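Just target-v8.txt here, compact mmCIF, C-alpha atoms:
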# COMPACT_ATOMS: atom_id res chain seq x y z
CA MET G 132 11.82 -28.14 -61.13
CA SER G 133 11.30 -31.82 -60.39
CA TRP G 134 8.52 -33.04 -58.12
CA ILE G 135 11.13 -33.88 -55.47
CA GLU G 136 12.47 -30.33 -55.47
CA GLY G 137 8.91 -29.01 -55.34
CA LEU G 138 8.19 -31.23 -52.35
CA ILE G 139 11.30 -29.96 -50.56
CA VAL G 140 10.29 -26.34 -51.18
CA ALA G 141 6.77 -27.07 -49.94
CA LEU G 142 8.13 -28.70 -46.79
CA ILE G 143 10.43 -25.75 -46.13
CA LEU G 144 7.56 -23.30 -46.59
CA PHE G 145 5.36 -25.41 -44.31
CA PHE G 146 8.12 -25.51 -41.70
CA PHE G 147 8.46 -21.71 -41.72
CA PHE G 148 4.68 -21.38 -41.55
CA ILE G 149 4.60 -23.54 -38.41
CA ILE G 150 7.34 -21.41 -36.82
CA LEU G 151 5.43 -18.23 -37.68
CA VAL G 152 2.19 -19.57 -36.19
CA ARG G 153 3.92 -20.73 -33.01
CA SER G 154 5.67 -17.37 -32.62
CA SER G 155 2.37 -15.58 -33.06
CA ILE G 156 0.70 -17.80 -30.45
CA MET G 157 3.54 -17.27 -27.98
CA LEU G 158 3.36 -13.50 -28.50
CA ASN G 159 -0.39 -13.50 -27.97
CA ASN G 160 0.01 -15.58 -24.82
CA LYS G 161 2.60 -13.13 -23.50
CA ASN G 162 0.26 -10.23 -24.19
CA LEU G 163 -2.60 -12.06 -22.50
CA ASN G 164 -0.44 -12.84 -19.48
CA GLN G 165 0.62 -9.22 -19.27
CA ARG G 166 -2.99 -8.05 -19.51
CA ASP G 167 -3.92 -10.49 -16.75
CA LYS G 168 -1.23 -8.95 -14.54
CA LEU G 169 -2.43 -5.45 -15.36
CA ALA G 170 -6.03 -6.35 -14.46
CA SER G 171 -5.23 -5.80 -10.78
CA CYS G 172 -4.47 -2.17 -11.64
CA CYS G 173 -7.83 -1.44 -13.25
CA GLN G 174 -10.26 -3.46 -11.13
CA LEU G 175 -11.39 -1.74 -7.95
CA TYR G 176 -12.87 -3.72 -5.08
CA GLN G 177 -16.10 -2.22 -3.78
CA VAL G 178 -18.72 -3.35 -1.30
CA ARG G 179 -22.42 -3.95 -1.91
CA SER G 180 -25.19 -3.01 0.50
CA ASN G 181 -25.26 -6.62 1.72
CA GLY G 182 -21.60 -6.38 2.71
CA ARG G 183 -20.27 -8.52 -0.13
CA GLU G 184 -17.30 -7.30 -2.11
CA TYR G 185 -17.09 -7.22 -5.89
CA LYS G 186 -14.62 -6.02 -8.50
CA LYS G 187 -15.54 -3.05 -10.66
CA ASN G 188 -13.62 -2.62 -13.89
CA LEU G 189 -12.59 1.02 -14.40
CA GLU G 190 -12.34 1.74 -18.11
CA ILE G 191 -10.23 4.88 -17.77
CA ALA G 192 -7.65 2.96 -15.73
CA GLU G 193 -7.77 -0.06 -18.05
CA ILE G 194 -7.12 1.98 -21.20
CA TRP G 195 -4.33 4.01 -19.61
CA ILE G 196 -2.47 1.11 -17.99
CA ASN G 197 -2.67 -1.10 -21.08
CA ASP G 198 -1.46 1.69 -23.35
CA LEU G 199 1.60 2.04 -21.14
CA TYR G 200 2.46 -1.52 -20.21
CA SER G 201 0.59 -4.16 -22.26
CA SER G 202 3.56 -4.67 -24.59
CA SER G 203 6.20 -4.54 -21.87
CA GLN G 204 7.56 -7.47 -19.92
CA LEU G 205 7.86 -5.65 -16.61
CA THR G 206 6.80 -7.48 -13.48
CA ILE G 207 3.79 -6.17 -11.59
CA GLU G 208 6.17 -5.01 -8.84
CA ASN G 209 8.11 -2.88 -11.33
CA ILE G 210 4.90 -1.51 -12.78
CA VAL G 211 3.66 -0.56 -9.31
CA ASN G 212 6.97 1.19 -8.60
CA ASN G 213 6.65 3.11 -11.86
CA LEU G 214 3.11 4.14 -10.95
CA LEU G 215 4.32 5.31 -7.55
CA ASP G 216 7.05 7.35 -9.23
CA ILE G 217 4.39 9.13 -11.27
CA PHE G 218 1.89 9.58 -8.44
CA LYS G 219 4.49 10.79 -5.93
CA ASN G 220 6.32 13.10 -8.35
CA THR G 221 5.74 16.60 -6.99
CA ARG G 222 7.39 18.15 -10.05
CA LEU G 223 5.13 16.48 -12.60
CA SER G 224 2.94 19.15 -14.18
CA ASN G 225 0.58 16.69 -15.88
CA LEU G 226 -1.91 16.23 -13.06
CA THR G 227 -4.13 13.94 -15.14
CA GLU G 228 -1.28 11.44 -15.48
CA LYS G 229 -0.73 11.58 -11.72
CA GLY G 230 -4.43 11.04 -11.15
CA LYS G 231 -4.55 8.05 -13.49
CA ALA G 232 -1.48 6.50 -11.88
CA GLY G 233 -3.12 7.00 -8.51
CA LEU G 234 -6.36 5.41 -9.72
CA CYS G 235 -4.47 2.32 -10.91
CA LEU G 236 -2.70 2.10 -7.55
CA ARG G 237 -6.02 2.44 -5.72
CA CYS G 238 -7.29 -0.54 -7.69
CA TYR G 239 -4.13 -2.50 -6.95
CA ILE G 240 -4.24 -2.04 -3.18
CA SER G 241 -8.00 -2.56 -2.88
CA GLU G 242 -7.45 -6.32 -3.24
CA TYR G 243 -5.07 -6.31 -0.28
CA ILE G 244 -7.48 -4.26 1.80
CA VAL G 245 -9.99 -7.08 1.37
CA SER G 246 -7.32 -9.67 2.21
CA ALA G 247 -6.35 -7.75 5.36
CA CYS G 248 -9.98 -7.69 6.50
CA LYS G 249 -10.24 -11.44 5.96
CA LYS G 250 -7.06 -12.01 7.93
CA ARG G 251 -8.21 -9.81 10.81
CA ALA G 252 -11.67 -11.41 10.94
CA SER G 253 -10.12 -14.88 10.98
CA LEU G 254 -8.89 -14.17 14.52
CA PHE G 255 -12.49 -14.41 15.73
CA SER G 256 -14.74 -17.43 15.89
CA GLY G 257 -17.90 -17.45 13.83
CA SER G 258 -20.03 -17.35 16.97
CA GLN G 259 -18.64 -13.91 17.85
CA GLY G 260 -20.37 -12.36 14.87
CA VAL G 261 -17.25 -10.82 13.36
CA THR G 262 -16.95 -11.47 9.63
CA TYR G 263 -14.62 -9.85 7.16
CA GLN G 264 -17.68 -8.41 5.41
CA SER G 265 -18.49 -6.47 8.58
CA LEU G 266 -15.10 -4.76 8.26
CA LEU G 267 -15.22 -3.94 4.56
CA ALA G 268 -17.61 -1.01 4.92
CA PHE G 269 -15.03 0.83 7.02
CA VAL G 270 -12.30 0.69 4.38
CA LEU G 271 -13.83 0.13 0.93
CA ASP G 272 -15.07 3.70 0.56
CA ASP G 273 -13.49 4.35 -2.85
CA ASP G 274 -15.99 4.44 -5.72
CA GLY G 275 -13.29 5.14 -8.31
CA GLN G 276 -15.29 7.92 -9.94
CA TYR G 277 -12.60 10.58 -9.67
CA LEU G 278 -8.95 11.07 -10.44
CA ILE G 279 -7.38 12.18 -7.17
CA ILE G 280 -3.95 13.55 -6.33
CA ILE G 281 -2.24 14.61 -3.12
CA ASP G 282 -1.71 18.34 -3.36
CA THR G 283 1.29 20.20 -1.96
CA ASP G 284 -0.70 20.93 1.20
CA GLY G 285 -1.12 17.19 1.78
CA LYS G 286 -4.84 17.19 1.03
CA GLN G 287 -6.74 15.09 -1.47
CA LYS G 288 -7.74 16.99 -4.60
CA ILE G 289 -9.95 15.94 -7.50
CA VAL G 290 -8.45 16.41 -10.96
CA ASP G 291 -10.39 16.46 -14.21
CA THR G 292 -9.25 14.85 -17.45
CA GLU G 293 -7.71 18.15 -18.54
CA GLY G 294 -5.44 18.23 -15.52
CA LYS G 295 -7.27 20.96 -13.62
CA LYS G 296 -7.84 20.75 -9.87
CA GLN G 297 -11.56 21.00 -9.23
CA SER G 298 -12.31 20.77 -5.53
CA GLU G 299 -10.88 19.75 -2.22
CA ILE G 300 -11.91 16.66 -0.34
CA ILE G 301 -11.82 17.79 3.28
CA GLU G 302 -14.09 15.35 5.07
CA ASN G 303 -14.08 11.58 4.81
CA SER G 304 -10.78 11.26 2.97
CA ILE G 305 -10.72 8.17 0.77
CA PHE G 306 -8.90 5.34 2.53
CA THR G 307 -7.01 4.03 -0.51
CA VAL G 308 -5.63 7.50 -1.20
CA GLU G 309 -4.63 7.91 2.45
CA ILE G 310 -2.66 4.65 2.21
CA LEU G 311 -0.83 5.92 -0.87
CA LYS G 312 -0.20 9.27 0.80
CA SER G 313 1.35 7.66 3.89
CA TYR G 314 3.52 5.22 1.95
CA LYS G 315 7.14 6.38 1.81
CA HIS G 316 8.18 5.19 -1.61
CA SER G 317 11.90 4.75 -2.18
CA LEU G 318 14.25 2.11 -3.49
CA GLU G 319 15.64 1.57 -0.01
CA ARG G 320 12.33 0.87 1.65
CA LYS G 321 11.95 -2.76 2.63
CA ARG G 322 8.19 -2.81 3.15
CA SER G 323 6.22 -3.25 -0.07
CA LEU G 324 3.06 -1.30 -0.87
CA LYS G 325 1.18 -4.58 -0.42
CA ASN G 326 2.47 -5.06 3.12
CA TRP G 327 1.96 -1.38 3.90
CA THR G 328 -1.68 -1.75 2.84
CA TYR G 329 -2.08 -4.73 5.19
CA LEU G 330 -0.63 -2.72 8.06
CA LYS G 331 -2.71 0.43 7.49
CA THR G 332 -5.90 -1.60 7.09
CA GLN G 333 -5.30 -3.41 10.36
CA GLN G 334 -4.58 -0.07 12.04
CA ASN G 335 -7.67 1.60 10.58
CA LYS G 336 -9.26 3.53 13.44
CA GLN G 337 -12.83 2.48 12.65
CA ILE G 338 -11.87 -1.19 12.41
CA VAL G 339 -9.93 -1.00 15.68
CA GLU G 340 -12.86 0.66 17.46
CA PHE G 341 -15.32 -1.87 16.03
CA LEU G 342 -13.22 -4.86 17.06
CA SER G 343 -12.62 -3.45 20.53
CA GLU G 344 -16.33 -4.07 21.18
CA PHE G 345 -15.54 -7.77 20.84
CA GLY G 346 -12.59 -7.63 23.22
CA PHE G 347 -9.86 -7.27 20.61
CA ILE G 348 -6.88 -5.19 21.72
CA ASN G 349 -4.79 -3.74 18.92
CA SER G 350 -1.12 -3.00 19.36
CA THR G 351 -0.60 0.50 20.69
CA ASP G 352 2.06 2.89 19.46
CA TRP G 353 4.07 2.06 22.57
CA GLY G 354 4.07 -1.62 21.74
CA LEU G 355 4.96 -0.98 18.11
CA LEU G 356 7.99 1.09 19.12
CA THR G 357 9.46 -1.88 20.98
CA ARG G 358 9.30 -4.05 17.85
CA ILE G 359 10.98 -1.84 15.26
CA LYS G 360 13.35 -3.89 13.11
CA LYS G 361 16.92 -2.95 12.22
CA TYR G 362 16.07 -2.26 8.58
CA GLN G 363 13.25 0.03 9.72
CA LEU G 364 15.69 2.06 11.81
CA GLN G 365 17.49 2.98 8.60
CA GLU G 366 14.43 4.99 7.59
CA LEU G 367 14.80 7.23 10.65
CA THR G 368 17.08 10.16 11.35
CA LYS G 369 20.08 9.68 13.63
CA GLN G 370 18.24 11.44 16.46
CA GLU G 371 15.15 9.27 15.98
CA GLN G 372 17.29 6.14 16.00
CA LEU G 373 18.85 7.22 19.28
CA ILE G 374 15.42 7.94 20.77
CA ILE G 375 14.20 4.46 19.82
CA GLU G 376 17.33 2.87 21.27
CA VAL G 377 16.90 4.62 24.61
CA TYR G 378 13.14 4.01 24.60
CA GLY G 379 13.79 0.30 24.18
CA GLN G 380 16.26 0.25 27.06
CA VAL G 381 13.88 1.89 29.53
CA TYR G 382 10.41 0.83 28.37
CA LYS G 383 11.27 -2.80 27.58
CA ARG G 384 13.00 -3.18 30.94
CA ASP G 385 9.93 -1.99 32.82
CA ARG G 386 7.56 -4.06 30.64
CA LYS G 387 9.37 -7.33 31.30
CA GLY G 388 6.94 -10.01 32.43
CA LYS G 389 3.83 -7.90 31.80
CA ARG G 390 1.13 -8.99 29.34
CA SER G 391 -1.32 -6.11 29.63
CA LYS G 392 -1.83 -3.52 26.90
CA CYS G 393 1.15 -1.20 26.52
CA GLN G 394 0.46 2.17 28.11
CA PRO G 395 2.19 5.50 27.41
CA PRO G 396 5.53 5.87 29.19
CA SER G 397 5.30 7.52 32.59
CA ASP G 398 6.90 10.87 33.43
CA GLU G 399 9.56 9.01 35.39
CA GLN G 400 10.38 6.84 32.38
CA LEU G 401 10.46 9.86 30.07
CA GLN G 402 12.78 11.72 32.44
CA GLU G 403 15.12 8.73 32.54
CA MET G 404 15.12 8.59 28.74
CA ILE G 405 15.86 12.32 28.54
CA GLY G 406 18.84 11.84 30.83
CA LYS G 407 20.19 9.03 28.67
CA LEU G 408 19.59 10.96 25.43
CA ASN G 409 21.30 14.18 26.52
CA ILE G 410 19.92 16.07 23.51
CA ASP G 411 19.55 19.84 23.88
CA THR G 412 16.28 19.95 21.93
CA VAL G 413 14.70 17.13 23.94
CA LYS G 414 14.67 18.24 27.56
CA LYS G 415 10.97 18.03 28.44
CA PRO G 416 8.74 14.92 28.77
CA ASP G 417 6.00 16.30 26.50
CA ILE G 418 8.53 17.00 23.74
CA LEU G 419 9.93 13.47 23.93
CA LEU G 420 6.42 12.00 24.05
CA ASN G 421 5.44 13.86 20.87
CA GLN G 422 8.60 12.72 19.11
CA LEU G 423 7.85 9.11 20.03
CA LYS G 424 4.31 9.49 18.69
CA ASN G 425 5.64 10.96 15.44
CA ILE G 426 8.02 8.04 15.01
CA ALA G 427 5.23 5.54 15.67
CA GLN G 428 3.10 7.14 12.94
CA LYS G 429 5.73 6.09 10.41
CA TYR G 430 4.93 2.45 11.11

Hey, can you dump this file as structure tokens for me?
Amino acid sequence: MSWIEGLIVALILFFFFIILVRSSIMLNNKNLNQRDKLASCCQLYQVRSNGREYKKNLEIAEIWINDLYSSSQLTIENIVNNLLDIFKNTRLSNLTEKGKAGLCLRCYISEYIVSACKKRASLFSGSQGVTYQSLLAFVLDDDGQYLIIIDTDGKQKIVDTEGKKQSEIIENSIFTVEILKSYKHSLERKRSLKNWTYLKTQQNKQIVEFLSEFGFINSTDWGLLTRIKKYQLQELTKQEQLIIEVYGQVYKRDRKGKRSKCQPPSDEQLQEMIGKLNIDTVKKPDILLNQLKNIAQKY
């Protein structure tokens, strides 16, 4: 082999070496980017005694989520949907897997709980003494120490790493788990888990009561029912859709020009709605009122 041929071979080998190195770097970058995305599913926001939030890395969640998704190219939205499929699957016998999926989701939504508190506190001036840190203690009550599932009775249950239910959490249900429990996960649903977290945080009873001391009036169920969007109606039964339609006709008409807090519909309004509905199972004001409350709870 002449020196020219040797040089050509060396250049070819060098060229392939460069391609190999670049491919390796690109692959590593992809893996790093994926791990960065997954970090939101294994870092749980918590609150210190001084009211400041911090992120706590949960090793059990980190190992599990990276084993499943670190080599995939799924978006974080698709990963969250997959986690919801696992957590919400009532037929899944592996309770540990459900608990781990739930833990990752609790980490994921904790960031948006903090964001919702910041957004709510921003409505007040600094002189009023309302900071987002003053709201965090009401909603960042998840220490991430346990795997938790929603049992068939709708209650929060602790699960050990062997998939056995240990005890029932009756009092002080964890807020992140309650958000996941109330979220109706389906492909047709338009509201993301992120937006649902914002909504449930803003509606948190303790936050609403605390802010009411500073003159803040939160939207009541009766106000919410007048602002249901068309795509949200698709989530309701035919009867519920009809109830909302008639409610809007009567309640909106009587609210026209008023700016005060929305009050429950009067007996006269309910009777008028009942007449318009003409549904055999809805003939009494208290029955209609309860149905309206049940619909409002979905939003």

Neighbours of Asp167 in chain G within 12 Å (only C-alpha atoms; same-chain residues fewer than 6 positions away dropped), as a PyMOL selection string? chain G and resi 160-161+173-174+193+196-197+200-201+206-207

Quick one: residues within 10 Å of Lys219 in chain G, only C-alpha atoms counted, chain neighbours fewer than 3 positions away excluded, as a ChimeraX atom specification? /G:213-216,222-223,229,232-233,280-281,311-312,314-316

Near range 325-334 of chain G, within 7 Å and counting all atoms listed in the file, which residues show up once chain neighbours fewer than 6 positions away are dropped, as a PyMOL selection string? chain G and resi 240+243-244+247+310

Could you give me the centre and size, in Å to one decimal, of an axis-aligned box around all listed atoms of range 262-276 of chain G with 6 Å added on every side, as lines of an AutoDock Vina configuration file?
center_x = -15.4
center_y = -1.8
center_z = -0.2
size_x = 18.2
size_y = 31.4
size_z = 31.6

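Residues with any atom within 9 Å of Ile375 in chain G, counting all atoms listed in the file and excluding same-chain neighbours fewer than 2 positions away, are G:Leu356, G:Thr357, G:Ile359, G:Leu364, G:Gln370, G:Glu371, G:Gln372, G:Leu373, G:Val377, G:Tyr378, G:Gly379, G:Gln380, G:Leu423, G:Ile426.
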
CA of Ile279 in chain G and CA of Gly230 in chain G, how far apart in Å? 5.1 Å

CA of Ser397 in chain G and CA of Lys414 in chain G, how far apart in Å? 15.1 Å

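Rounded to one decimal, CA of Thr292 in chain G and CA of Thr227 in chain G lie 5.7 Å from each other.
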
Surrounding residues of Leu189 in chain G excluding itself and chain neighbours under 6 positions, 10 Å, only C-alpha atoms, as a compact mmCIF listing (two decimals) with C-alpha atoms, in the coordinates of the input:
# COMPACT_ATOMS: atom_id res chain seq x y z
CA ALA G 170 -6.03 -6.35 -14.46
CA CYS G 172 -4.47 -2.17 -11.64
CA CYS G 173 -7.83 -1.44 -13.25
CA GLN G 174 -10.26 -3.46 -11.13
CA LEU G 175 -11.39 -1.74 -7.95
CA LEU G 234 -6.36 5.41 -9.72
CA CYS G 235 -4.47 2.32 -10.91
CA CYS G 238 -7.29 -0.54 -7.69
CA ASP G 274 -15.99 4.44 -5.72
CA GLY G 275 -13.29 5.14 -8.31
CA GLN G 276 -15.29 7.92 -9.94

Of the residues G:Val245, G:Ile217, G:Leu401, G:Leu254, which is the one nearest to Gln422 in chain G, using all atoms listed in the file? G:Leu401

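Shortest separation to Arg358 in chain G among G:Phe218, G:Phe345, G:Trp195, G:Tyr382 occurs at residue G:Tyr382, atoms counted being only C-alpha atoms.
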
For each of G:Lys415, G:Arg251, G:Lys392, G:Arg386, take the minimum atom-to-atom distance to Phe341 in chain G, counting all atoms listed in the file, then give the residue where this is smallest. G:Arg251

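Counting all atoms listed in the file and comparing G:Asp352, G:Glu340, G:Glu208, G:Asp291, the residue that lies closest to Phe269 in chain G is G:Glu340.
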
Select, from G:Arg237, G:Lys250, G:Lys387, G:Lys231, the residue with the minimum atom-to-atom distance to Ser171 in chain G, counting all atoms listed in the file. G:Arg237

As a PDB file, keeping the file's coordinate frame, please: range 229-248 of chain G completed to N, CA and C atoms.
ATOM      1  N   LYS G 229      -0.867  11.929 -13.140  1.00  0.00           N
ATOM      2  CA  LYS G 229      -0.730  11.580 -11.720  1.00  0.00           C
ATOM      3  C   LYS G 229      -2.023  10.962 -11.200  1.00  0.00           C
ATOM      4  N   GLY G 230      -3.140  11.553 -11.594  1.00  0.00           N
ATOM      5  CA  GLY G 230      -4.430  11.040 -11.150  1.00  0.00           C
ATOM      6  C   GLY G 230      -4.708   9.639 -11.661  1.00  0.00           C
ATOM      7  N   LYS G 231      -4.335   9.378 -12.914  1.00  0.00           N
ATOM      8  CA  LYS G 231      -4.550   8.050 -13.490  1.00  0.00           C
ATOM      9  C   LYS G 231      -3.632   7.014 -12.837  1.00  0.00           C
ATOM     10  N   ALA G 232      -2.391   7.406 -12.579  1.00  0.00           N
ATOM     11  CA  ALA G 232      -1.480   6.500 -11.880  1.00  0.00           C
ATOM     12  C   ALA G 232      -2.022   6.178 -10.494  1.00  0.00           C
ATOM     13  N   GLY G 233      -2.541   7.205  -9.828  1.00  0.00           N
ATOM     14  CA  GLY G 233      -3.120   7.000  -8.510  1.00  0.00           C
ATOM     15  C   GLY G 233      -4.343   6.094  -8.551  1.00  0.00           C
ATOM     16  N   LEU G 234      -5.165   6.249  -9.581  1.00  0.00           N
ATOM     17  CA  LEU G 234      -6.360   5.410  -9.720  1.00  0.00           C
ATOM     18  C   LEU G 234      -5.972   3.945  -9.895  1.00  0.00           C
ATOM     19  N   CYS G 235      -4.953   3.700 -10.704  1.00  0.00           N
ATOM     20  CA  CYS G 235      -4.470   2.320 -10.910  1.00  0.00           C
ATOM     21  C   CYS G 235      -3.926   1.743  -9.600  1.00  0.00           C
ATOM     22  N   LEU G 236      -3.231   2.563  -8.838  1.00  0.00           N
ATOM     23  CA  LEU G 236      -2.700   2.100  -7.550  1.00  0.00           C
ATOM     24  C   LEU G 236      -3.826   1.841  -6.555  1.00  0.00           C
ATOM     25  N   ARG G 237      -4.859   2.653  -6.606  1.00  0.00           N
ATOM     26  CA  ARG G 237      -6.020   2.440  -5.720  1.00  0.00           C
ATOM     27  C   ARG G 237      -6.688   1.109  -6.023  1.00  0.00           C
ATOM     28  N   CYS G 238      -6.763   0.773  -7.302  1.00  0.00           N
ATOM     29  CA  CYS G 238      -7.290  -0.540  -7.690  1.00  0.00           C
ATOM     30  C   CYS G 238      -6.392  -1.649  -7.145  1.00  0.00           C
ATOM     31  N   TYR G 239      -5.102  -1.471  -7.347  1.00  0.00           N
ATOM     32  CA  TYR G 239      -4.130  -2.500  -6.950  1.00  0.00           C
ATOM     33  C   TYR G 239      -4.203  -2.814  -5.462  1.00  0.00           C
ATOM     34  N   ILE G 240      -4.267  -1.788  -4.621  1.00  0.00           N
ATOM     35  CA  ILE G 240      -4.240  -2.040  -3.180  1.00  0.00           C
ATOM     36  C   ILE G 240      -5.605  -2.446  -2.629  1.00  0.00           C
ATOM     37  N   SER G 241      -6.675  -2.212  -3.391  1.00  0.00           N
ATOM     38  CA  SER G 241      -8.000  -2.560  -2.880  1.00  0.00           C
ATOM     39  C   SER G 241      -8.121  -4.069  -2.630  1.00  0.00           C
ATOM     40  N   GLU G 242      -7.434  -4.860  -3.435  1.00  0.00           N
ATOM     41  CA  GLU G 242      -7.450  -6.320  -3.240  1.00  0.00           C
ATOM     42  C   GLU G 242      -6.831  -6.692  -1.895  1.00  0.00           C
ATOM     43  N   TYR G 243      -5.762  -5.988  -1.522  1.00  0.00           N
ATOM     44  CA  TYR G 243      -5.070  -6.310  -0.280  1.00  0.00           C
ATOM     45  C   TYR G 243      -5.800  -5.749   0.937  1.00  0.00           C
ATOM     46  N   ILE G 244      -6.609  -4.734   0.725  1.00  0.00           N
ATOM     47  CA  ILE G 244      -7.480  -4.260   1.800  1.00  0.00           C
ATOM     48  C   ILE G 244      -8.483  -5.355   2.160  1.00  0.00           C
ATOM     49  N   VAL G 245      -9.054  -5.976   1.142  1.00  0.00           N
ATOM     50  CA  VAL G 245      -9.990  -7.080   1.370  1.00  0.00           C
ATOM     51  C   VAL G 245      -9.283  -8.236   2.073  1.00  0.00           C
ATOM     52  N   SER G 246      -8.087  -8.568   1.604  1.00  0.00           N
ATOM     53  CA  SER G 246      -7.320  -9.670   2.210  1.00  0.00           C
ATOM     54  C   SER G 246      -7.007  -9.385   3.676  1.00  0.00           C
ATOM     55  N   ALA G 247      -6.671  -8.127   3.977  1.00  0.00           N
ATOM     56  CA  ALA G 247      -6.350  -7.750   5.360  1.00  0.00           C
ATOM     57  C   ALA G 247      -7.579  -7.891   6.254  1.00  0.00           C
ATOM     58  N   CYS G 248      -8.744  -7.543   5.726  1.00  0.00           N
ATOM     59  CA  CYS G 248      -9.980  -7.690   6.500  1.00  0.00           C
ATOM     60  C   CYS G 248     -10.273  -9.170   6.769  1.00  0.00           C
TER      61      CYS G 248
END
